[in-house]
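Working notes for the structure below.
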Amino acid sequence: MVQATSSRSSSPRIVVFGAGSVGCYVGGRLISGGANVVMIGRARIGQTLKKHPLVVTDYQSFEFQTQLTPEQFTEDPAQVAEADLVLVTVKSAATTEAALTLARHLKPGTPVISLQNGISNAEELRQHLPNARVCAGMIPFNVVQKSPGHFHHGTEGHLMAERDDSLDAFLPLFELCGLPLELRDDMKSVMWSKLLLNLNNPINALSNVPLLEELSDRSYRRCLAAAQRETLSLMGHAGIDTIKLTAIPMRLVPVVMSLPDWLFKRLASRMLAIDPIARSSMWEDLEAGRPTEVDWINGEVVRLAETLNKSAPVNRRLTELVHECEKTRRRWPGDELLAELRAALRKANS
Ligand SMILES: NC(=O)c1ccc[n+]([C@@H]2O[C@H](COP(=O)([O-])OP(=O)(O)OC[C@H]3O[C@@H](n4cnc5c(N)ncnc54)[C@H](OP(=O)(O)O)[C@@H]3O)[C@@H](O)[C@H]2O)c1
């Protein structure tokens, strides 16, 4: 088990705004390397972290445990005033509220990284924080809360963020903490490539089965392939490149997804190396009755289509079905969902 390197109050203060799965993992990982971290979160998670130590683990056997002090976890957003760097880790539906809160407290010029899924969160933050240095970020790996206070990083990949001079000074610290942060000039491609993978979130949510079971079913994979193909085509029209985030180049992912089960299992065994009970966070949101991020995942594709004067019937229908499911709880067997998406496609093309 890793022992925390002692943090010095003179070291830059990193504020994690929205301490949930990602925020607690990233915050804990930074604390493990001695960073001066303040996590801002809700009372519910604060209570959990009073009763239980914060434990962060990863798929490569990293393990760190600490009892957070009242200075390290707070519900008080005013603590963001002393931040030298802010990592925003709220879900997309909470971005506007987070931005308005940050705007009340943040020092001018503070770098802010949106470590959120979707495309438009950084822009939303930027609009409300014109004096901050807002950078889009991307977190490729999955984090789950395995037990109260225990946050586990389950898949490979490292953090990426938009290149900005203000972030250079933090790079050695992130590296030291085992959380390398790569600065990129092609963040639009990075984020759209991640979104292509996130298109599975609504399908998993609608399937109501674990990811492993869903991805083992060709009908669900064909639903995903249809949503990805539509998105790739629109990205092509918009001049947005893909980057490689999986073993398979992104443009080939829909082809692999459409393969018969026996061939898919043989060729894409790494994609099926998933904890058998893992599900998407959109499924968790539906179960908990929380608003989902579907408008910031499939909804982004629909908005891209509109800007190009084109349509995105598959992603539009998936968005509608998730919103219906938020109200009715209706879930979809793979063959019925595929038929529904194909019908939407036929209607759009007729
Ligand atoms: N989990 C993953 O594996 C993963 C991987 C890659 C990317 N992401 C992305 O990362 C982002 C965060 O996901 P997550 O899974 O960490 O979500 P999460 O577990 O719901 O964590 C977000 C936390 O922020 C809190 N929050 C919201 N508004 C707040 C505010 N104004 N002040 C203080 N706390 C606030 C939320 O509390 P309430 O719910 O009570 O509002 C929640 O506890 C999402 O965009 C997600 O898509 C997640």
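By order of appearance in the structure tokens: chains A, B, ..., then residues from 1 within every chain, and ligands from 1 in the order shown.
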Return as a tab-separated table the residues of chain A lying at most 6 Å from ligand 1, together with the closest atom-to-atom pair for each and the distance in Å to one decimal, counting only C-alpha atoms and all ligand atoms, with rows in chain order and ascending residue number.
```
residue	atom	partner	partner_atom_place_in_ligand_line	distance
A:Gly18	CA	ligand 1	24 (O)	3.3
A:Ala19	CA	ligand 1	23 (C)	4.8
A:Gly20	CA	ligand 1	21 (O)	3.2
A:Ser21	CA	ligand 1	16 (O)	3.7
A:Val22	CA	ligand 1	16 (O)	3.7
A:Gly23	CA	ligand 1	16 (O)	5.6
A:Ile40	CA	ligand 1	33 (C)	5.5
A:Gly41	CA	ligand 1	34 (N)	3.8
A:Arg42	CA	ligand 1	34 (N)	4.9
A:Thr89	CA	ligand 1	12 (C)	4.6
A:Val90	CA	ligand 1	22 (C)	4.0
A:Lys91	CA	ligand 1	44 (C)	4.0
A:Ser92	CA	ligand 1	45 (O)	5.1
A:Ala94	CA	ligand 1	28 (N)	5.0
A:Glu97	CA	ligand 1	31 (N)	5.7
A:Ala98	CA	ligand 1	31 (N)	4.5
A:Leu115	CA	ligand 1	10 (O)	5.9
A:Gln116	CA	ligand 1	45 (O)	3.5
A:Asn117	CA	ligand 1	45 (O)	4.1
A:Ile139	CA	ligand 1	6 (C)	4.9
A:Pro140	CA	ligand 1	6 (C)	5.6
A:Phe141	CA	ligand 1	5 (C)	5.4
A:Asn142	CA	ligand 1	3 (O)	3.4
A:Val143	CA	ligand 1	3 (O)	3.7
A:Val144	CA	ligand 1	3 (O)	5.9
```
Given the selection you just returned, output its residues as a file containing N, CA and C atoms, formatted as a compact mmCIF listing (two decimals), in the first residue's frame.
```
# COMPACT_ATOMS: atom_id res chain seq x y z
N GLY A 18 -16.71 18.76 -7.17
CA GLY A 18 -17.69 17.70 -7.50
C GLY A 18 -17.13 16.34 -7.17
N ALA A 19 -16.93 16.11 -5.87
CA ALA A 19 -16.28 14.86 -5.44
C ALA A 19 -17.25 13.70 -5.49
N GLY A 20 -17.28 13.01 -6.63
CA GLY A 20 -18.04 11.77 -6.79
C GLY A 20 -17.04 10.70 -7.17
N SER A 21 -17.40 9.84 -8.13
CA SER A 21 -16.49 8.74 -8.49
C SER A 21 -15.16 9.27 -9.04
N VAL A 22 -15.25 10.09 -10.10
CA VAL A 22 -14.02 10.60 -10.72
C VAL A 22 -13.28 11.53 -9.75
N GLY A 23 -14.02 12.44 -9.13
CA GLY A 23 -13.40 13.44 -8.24
C GLY A 23 -12.67 12.79 -7.08
N ILE A 40 -14.29 19.35 -3.03
CA ILE A 40 -15.56 19.98 -2.68
C ILE A 40 -16.68 19.06 -3.14
N GLY A 41 -17.54 18.68 -2.22
CA GLY A 41 -18.59 17.73 -2.59
C GLY A 41 -19.81 17.88 -1.70
N ARG A 42 -20.74 16.98 -1.91
CA ARG A 42 -22.00 17.02 -1.19
C ARG A 42 -21.86 16.40 0.21
N THR A 89 -15.44 17.99 -11.84
CA THR A 89 -15.80 16.57 -12.02
C THR A 89 -17.27 16.32 -11.71
N VAL A 90 -18.12 17.34 -11.93
CA VAL A 90 -19.57 17.12 -11.78
C VAL A 90 -20.10 16.50 -13.07
N LYS A 91 -21.28 15.87 -12.98
CA LYS A 91 -21.91 15.36 -14.20
C LYS A 91 -22.35 16.56 -15.05
N SER A 92 -22.59 16.31 -16.34
CA SER A 92 -22.86 17.42 -17.28
C SER A 92 -24.08 18.26 -16.88
N ALA A 94 -24.93 19.19 -14.14
CA ALA A 94 -24.61 20.07 -13.01
C ALA A 94 -23.57 21.14 -13.38
N GLU A 97 -24.62 25.00 -12.89
CA GLU A 97 -24.65 25.39 -11.47
C GLU A 97 -23.22 25.48 -10.92
N ALA A 98 -22.39 24.50 -11.30
CA ALA A 98 -20.99 24.52 -10.84
C ALA A 98 -20.29 25.79 -11.34
N LEU A 115 -13.00 17.79 -16.37
CA LEU A 115 -12.73 16.34 -16.52
C LEU A 115 -14.08 15.64 -16.66
N GLN A 116 -14.82 15.99 -17.70
CA GLN A 116 -16.17 15.46 -17.86
C GLN A 116 -16.32 14.85 -19.25
N ASN A 117 -17.32 13.99 -19.37
CA ASN A 117 -17.64 13.47 -20.70
C ASN A 117 -18.43 14.50 -21.49
N ILE A 139 -11.08 12.02 -19.53
CA ILE A 139 -10.68 10.93 -18.64
C ILE A 139 -11.14 9.63 -19.32
N PRO A 140 -10.19 8.86 -19.85
CA PRO A 140 -10.57 7.71 -20.67
C PRO A 140 -10.99 6.50 -19.87
N PHE A 141 -10.58 6.46 -18.59
CA PHE A 141 -10.81 5.21 -17.85
C PHE A 141 -12.08 5.28 -17.02
N ASN A 142 -12.45 4.09 -16.58
CA ASN A 142 -13.68 3.92 -15.81
C ASN A 142 -13.35 3.94 -14.31
N VAL A 143 -14.17 4.63 -13.53
CA VAL A 143 -14.00 4.62 -12.07
C VAL A 143 -15.30 4.17 -11.43
N VAL A 144 -15.23 3.22 -10.53
CA VAL A 144 -16.44 2.81 -9.81
C VAL A 144 -16.18 2.87 -8.31
```
Looking only at alpha helix (DSSP H) from DSSP on the backbone, list the matching residues of segment 156-300 of chain A as a PyMOL selection string.
-> chain A and resi 165-168+171-176+187-198+200-207+211-215+218-238+253-257+261-267+281-288+298-300
Which polymer residues have any atom within 12 Å of an atom of Arg303 of chain A, counting only C-alpha atoms, with same-chain residues fewer than 4 positions away left out, as an MDAnalysis selection string?
-> chainID A and resid 118:120 231 234:235 238 295:299 307:313 315:316 319
Give me, please, the distance in Å between atom CA of Glu287 of chain A and atom CA of Ala205 of chain A, quoted to one decimal.
->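 Separating atom CA of Glu287 of chain A from atom CA of Ala205 of chain A is a distance of 9.0 Å.
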Counting only C-alpha atoms, the option among A:Glu124, A:Leu232, A:Glu162, A:Ala78 closest to His105 of chain A =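 Closest residue, counting only C-alpha atoms: A:Ala78.
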Who sits within 12 Å of Asp168 of chain A, only C-alpha atoms, same chain under 4 positions skipped, as a list in words |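 Contacts, in chain order: Leu85, Pro111, Ala161, Glu162, Arg163, Asp164, Pro172, Leu173, Phe174, Glu175, Leu181, Glu182, Leu183 and Arg184 of chain A.
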How about saving the chosen residues, N, CA and C atoms kept, as a compact mmCIF listing (two decimals), in the first residue's frame?
```txt
# COMPACT_ATOMS: atom_id res chain seq x y z
N LEU A 85 -5.44 25.50 -9.19
CA LEU A 85 -5.96 24.71 -10.31
C LEU A 85 -7.28 24.10 -9.85
N PRO A 111 -6.43 28.34 -13.72
CA PRO A 111 -6.74 27.28 -14.70
C PRO A 111 -7.82 26.33 -14.17
N ALA A 161 -5.69 16.88 -21.64
CA ALA A 161 -6.33 18.20 -21.54
C ALA A 161 -5.79 19.09 -22.64
N GLU A 162 -6.56 20.10 -22.92
CA GLU A 162 -6.21 21.10 -23.93
C GLU A 162 -4.91 21.79 -23.53
N ARG A 163 -4.02 21.97 -24.48
CA ARG A 163 -2.75 22.61 -24.14
C ARG A 163 -2.98 24.05 -23.70
N ASP A 164 -2.37 24.40 -22.55
CA ASP A 164 -2.43 25.77 -22.05
C ASP A 164 -1.19 25.95 -21.17
N PRO A 172 4.58 17.73 -13.79
CA PRO A 172 5.42 16.82 -12.99
C PRO A 172 4.68 16.26 -11.79
N LEU A 173 3.83 17.09 -11.16
CA LEU A 173 3.08 16.63 -9.98
C LEU A 173 2.10 15.51 -10.36
N PHE A 174 1.37 15.70 -11.45
CA PHE A 174 0.43 14.66 -11.90
C PHE A 174 1.18 13.36 -12.20
N GLU A 175 2.33 13.51 -12.85
CA GLU A 175 3.15 12.32 -13.19
C GLU A 175 3.57 11.59 -11.92
N LEU A 181 -0.82 13.47 -17.09
CA LEU A 181 -1.74 14.35 -17.81
C LEU A 181 -1.03 14.77 -19.10
N GLU A 182 -1.62 14.42 -20.23
CA GLU A 182 -1.03 14.76 -21.52
C GLU A 182 -1.74 15.98 -22.09
N LEU A 183 -0.97 17.01 -22.47
CA LEU A 183 -1.58 18.21 -23.07
C LEU A 183 -1.64 18.02 -24.58
N ARG A 184 -2.78 18.33 -25.17
CA ARG A 184 -3.00 18.03 -26.59
C ARG A 184 -3.44 19.29 -27.33
```
Nearest to Leu197 of chain A by atom-to-atom distance, counting only C-alpha atoms, from A:Pro254, A:Gly236, A:Pro210, A:Pro148 |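 Closest candidate: A:Pro254.
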For atom CA of His152 of chain A and atom CA of Ala83 of chain A, quote the distance in Å rounded to one decimal.
->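 Atom-to-atom, atom CA of His152 of chain A to atom CA of Ala83 of chain A, that is 25.9 Å.
Take atom CA of Leu159 of chain A and atom CA of Ala247 of chain A: the distance between them is 17.3 Å.
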Residue nearest Thr74 of chain A among A:Val256, A:Val37, A:Ala122, A:Leu263 (counting only C-alpha atoms) | A:Val37
Shell around segment 267-279 of chain A at 12 Å using only C-alpha atoms, local window under 3 positions removed, as a PyMOL selection string = chain A and resi 59+142-146+152-156+197+200-217+221+246-248+252-264+282-287
